[in-house]
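Some notes on the structure that comes next.
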Amino acid sequence: MQSAELIDLCGKLYRKYGPAIRMILDYGKPKLPPKNIQEFHKRTNTESVHASKDSVNVFYSFIPCAWQGIVPKTNLYRSDRYLVFFDFNFSNYDEHKVALRLKIGHFPDSEERTRFVEQLVKAATADKDSNLRVNFSSKTDTRVFSKSISLKYGSNEDCDLDDYEAVTDKLVEVYNSAEVQQALKVIDGVVQKFGFKDAGK
């Protein structure tokens with residue numbers, strides 16, 4: 001189909017089915033039911049810092065429970081932004097892929113952020129097993145660890161994306177894996193000792 005014909009067809013479909021298309025876009029984003037989110041947190045000793053705690057949209061952020069009261073949240077950008085946080089990126093969920101990322105967010109005080117990154121670099125360099133990758137490429141959103149999660153039963157067959165228990169099991173398995181826990185160990189050592197200016201807020 002030529003592009004002009006395709007554009008014309010899309011316009012006709014949208015004029016006829018616009019409300020349904022908008023509803024699909026609003027509610028058809030990847031999400032896990034609240035009970036599965038709660039199950040993930042229970043099995044990983046984490047807690048949500050997501051603005052909407054009862055659903056998963058494209059990005060879903062959380063922190064280890066041990067960081068509660070230590071890591072402040074920023075007042076800028078999205079309300080679920082903490083200064084240091086994990087998130088799940090579900091943008092490729094329909095391709096049976098989720099990314100788990102560990103990120104340094106926006107610090108209101110840029111000098112405090114620089115000190116934190118410097119200490120993290122030092123800790124990652126000192127730990128011969130560290131798998132963190134820290135640089136100054138971004139001033140507001142630095143990814144220091146990322147793990148692609150392939151949603152499969154065992155090692156071969158793709159999960160049914162509506163099989164929420166299987167998806168939850170896979171997310172828990174990866175978060176609790178030695179690879180992720182090694183990254184968490186290094187950054188947790190810095191988080192616990194850093195002394196954030198607005199801890200507890």
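Ordered as shown in the structure tokens, chains take letters A, B, and onward, while each chain numbers its residues from 1 and ligands are numbered from 1 in the order shown.
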
Cut-off 10 Å: closest stretch 43-158 of chain A/stretch 166-176 of chain A atom pairs per residue, using only C-alpha atoms, as a Markdown table:
| residue | atom | partner | partner_atom | distance |
| --- | --- | --- | --- | --- |
| A:Arg43 | CA | A:Val172 | CA | 6.9 |
| A:Thr44 | CA | A:Val172 | CA | 6.6 |
| A:Asn45 | CA | A:Asn176 | CA | 9.9 |
| A:Phe88 | CA | A:Leu171 | CA | 9.2 |
| A:His96 | CA | A:Val167 | CA | 9.5 |
| A:Val98 | CA | A:Leu171 | CA | 8.6 |
| A:Ala99 | CA | A:Leu171 | CA | 9.7 |
| A:Leu100 | CA | A:Tyr175 | CA | 8.0 |
| A:Lys147 | CA | A:Val174 | CA | 8.4 |
| A:Ser148 | CA | A:Val174 | CA | 9.2 |
| A:Ile149 | CA | A:Val174 | CA | 7.3 |
| A:Ser150 | CA | A:Lys170 | CA | 8.4 |
| A:Leu151 | CA | A:Val167 | CA | 6.6 |
| A:Lys152 | CA | A:Lys170 | CA | 8.0 |
| A:Tyr153 | CA | A:Ala166 | CA | 7.4 |
| A:Gly154 | CA | A:Lys170 | CA | 9.3 |

Determine which residues of stretch 163-198 of chain A receive a DSSP assignment of alpha helix (DSSP H), computed from the backbone, and state them as a count of residues only.
29

Pick from A:Ala124, A:Val191, A:Ile70, A:Val49, whichever lies nearest to A:Asp87 using only C-alpha atoms:
A:Val49

So, counting only C-alpha atoms, which residue among A:Tyr93, A:Asn156, A:Arg115, A:Val84 is closest to A:Thr140?
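Answer, going by the shortest atom-to-atom distance: A:Val84.
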
Select from chain A everything DSSP, run on the backbone, classes as strand (DSSP E), then give the selection as a ChimeraX atom specification.
/A:46-48,59-64,84-89,97-104,142-150,152-153,157-158

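Distances to A:Ser146 were evaluated for A:Ser130, A:Asn89, A:Gln119, A:Thr125 using only C-alpha atoms, and the minimum falls at A:Asn89.
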
Might you pull out every residue within 12 Å of A:Phe116, with only C-alpha atoms counted and same-chain residues fewer than 3 positions away left off, and present them as a ChimeraX atom specification?
/A:71,83-84,104-107,109-113,119-123,134-136,139,142,187-197

Atoms kept (C-alpha atoms) for selection, written as a PDB file, in the first residue's frame:
ATOM      1  CA  VAL A  71      17.227   8.266  49.633  1.00  0.00           C
ATOM      2  CA  LEU A  83      17.592  10.405  43.571  1.00  0.00           C
ATOM      3  CA  VAL A  84      18.622   6.761  43.198  1.00  0.00           C
ATOM      4  CA  ILE A 104      20.850   7.979  39.381  1.00  0.00           C
ATOM      5  CA  GLY A 105      18.172  10.594  38.917  1.00  0.00           C
ATOM      6  CA  HIS A 106      18.045  14.369  39.142  1.00  0.00           C
ATOM      7  CA  PHE A 107      19.609  15.927  42.238  1.00  0.00           C
ATOM      8  CA  ASP A 109      21.955  20.207  44.042  1.00  0.00           C
ATOM      9  CA  SER A 110      24.303  19.434  41.143  1.00  0.00           C
ATOM     10  CA  GLU A 111      27.361  19.454  43.407  1.00  0.00           C
ATOM     11  CA  GLU A 112      25.766  16.814  45.645  1.00  0.00           C
ATOM     12  CA  ARG A 113      25.086  14.706  42.569  1.00  0.00           C
ATOM     13  CA  GLN A 119      31.907   8.083  45.382  1.00  0.00           C
ATOM     14  CA  LEU A 120      30.082   5.490  43.301  1.00  0.00           C
ATOM     15  CA  VAL A 121      32.903   5.442  40.742  1.00  0.00           C
ATOM     16  CA  LYS A 122      35.394   4.960  43.567  1.00  0.00           C
ATOM     17  CA  ALA A 123      33.378   2.106  45.089  1.00  0.00           C
ATOM     18  CA  VAL A 134      29.203   4.873  35.840  1.00  0.00           C
ATOM     19  CA  ASN A 135      29.884   8.001  33.804  1.00  0.00           C
ATOM     20  CA  PHE A 136      28.924  11.664  33.723  1.00  0.00           C
ATOM     21  CA  LYS A 139      23.265  15.297  34.553  1.00  0.00           C
ATOM     22  CA  THR A 142      22.307   8.261  34.583  1.00  0.00           C
ATOM     23  CA  ILE A 187      25.564   1.071  45.190  1.00  0.00           C
ATOM     24  CA  ASP A 188      23.956   0.237  48.533  1.00  0.00           C
ATOM     25  CA  GLY A 189      27.319   0.691  50.234  1.00  0.00           C
ATOM     26  CA  VAL A 190      27.490   4.228  48.829  1.00  0.00           C
ATOM     27  CA  VAL A 191      23.829   5.020  49.532  1.00  0.00           C
ATOM     28  CA  GLN A 192      24.065   3.960  53.182  1.00  0.00           C
ATOM     29  CA  LYS A 193      27.155   6.102  53.874  1.00  0.00           C
ATOM     30  CA  PHE A 194      26.552   9.108  51.646  1.00  0.00           C
ATOM     31  CA  GLY A 195      24.429  11.334  53.885  1.00  0.00           C
ATOM     32  CA  PHE A 196      21.899  12.865  51.507  1.00  0.00           C
ATOM     33  CA  LYS A 197      20.993  16.458  52.391  1.00  0.00           C
TER      34      LYS A 197
END

Closest of A:Asp158, A:Asp198, A:Ser3, A:Glu95 to A:Tyr82 - atom-to-atom distances counting only C-alpha atoms
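Closest to A:Tyr82 of all the choices is A:Asp198.
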
Pick from A:Ala126, A:Phe86, A:Pro108, A:Tyr164 nearest to A:Val144, counting only C-alpha atoms
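Looking only at the distances to A:Val144, the closest residue turns out to be A:Phe86.
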
What does the structure give for the distance between atom CA of A:Glu47 and atom CA of A:Arg133, in Å to one decimal?
24.3 Å

d(atom CA of A:Leu25, atom CA of A:Phe59) in Å:
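Taking atom CA of A:Leu25 and atom CA of A:Phe59, their separation equals 15.3 Å.
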
Interatomic distance between atom CA of A:Thr74 and atom CA of A:Lys103?
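Straight-line distance from atom CA of A:Thr74 to atom CA of A:Lys103 works out to 13.3 Å.
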
When distances are computed from only C-alpha atoms, which of A:Leu32, A:Asp129, A:Phe85, A:Leu9 shows the smallest separation from A:Ser48?
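Ranked by minimum distance to A:Ser48, first place goes to A:Phe85.
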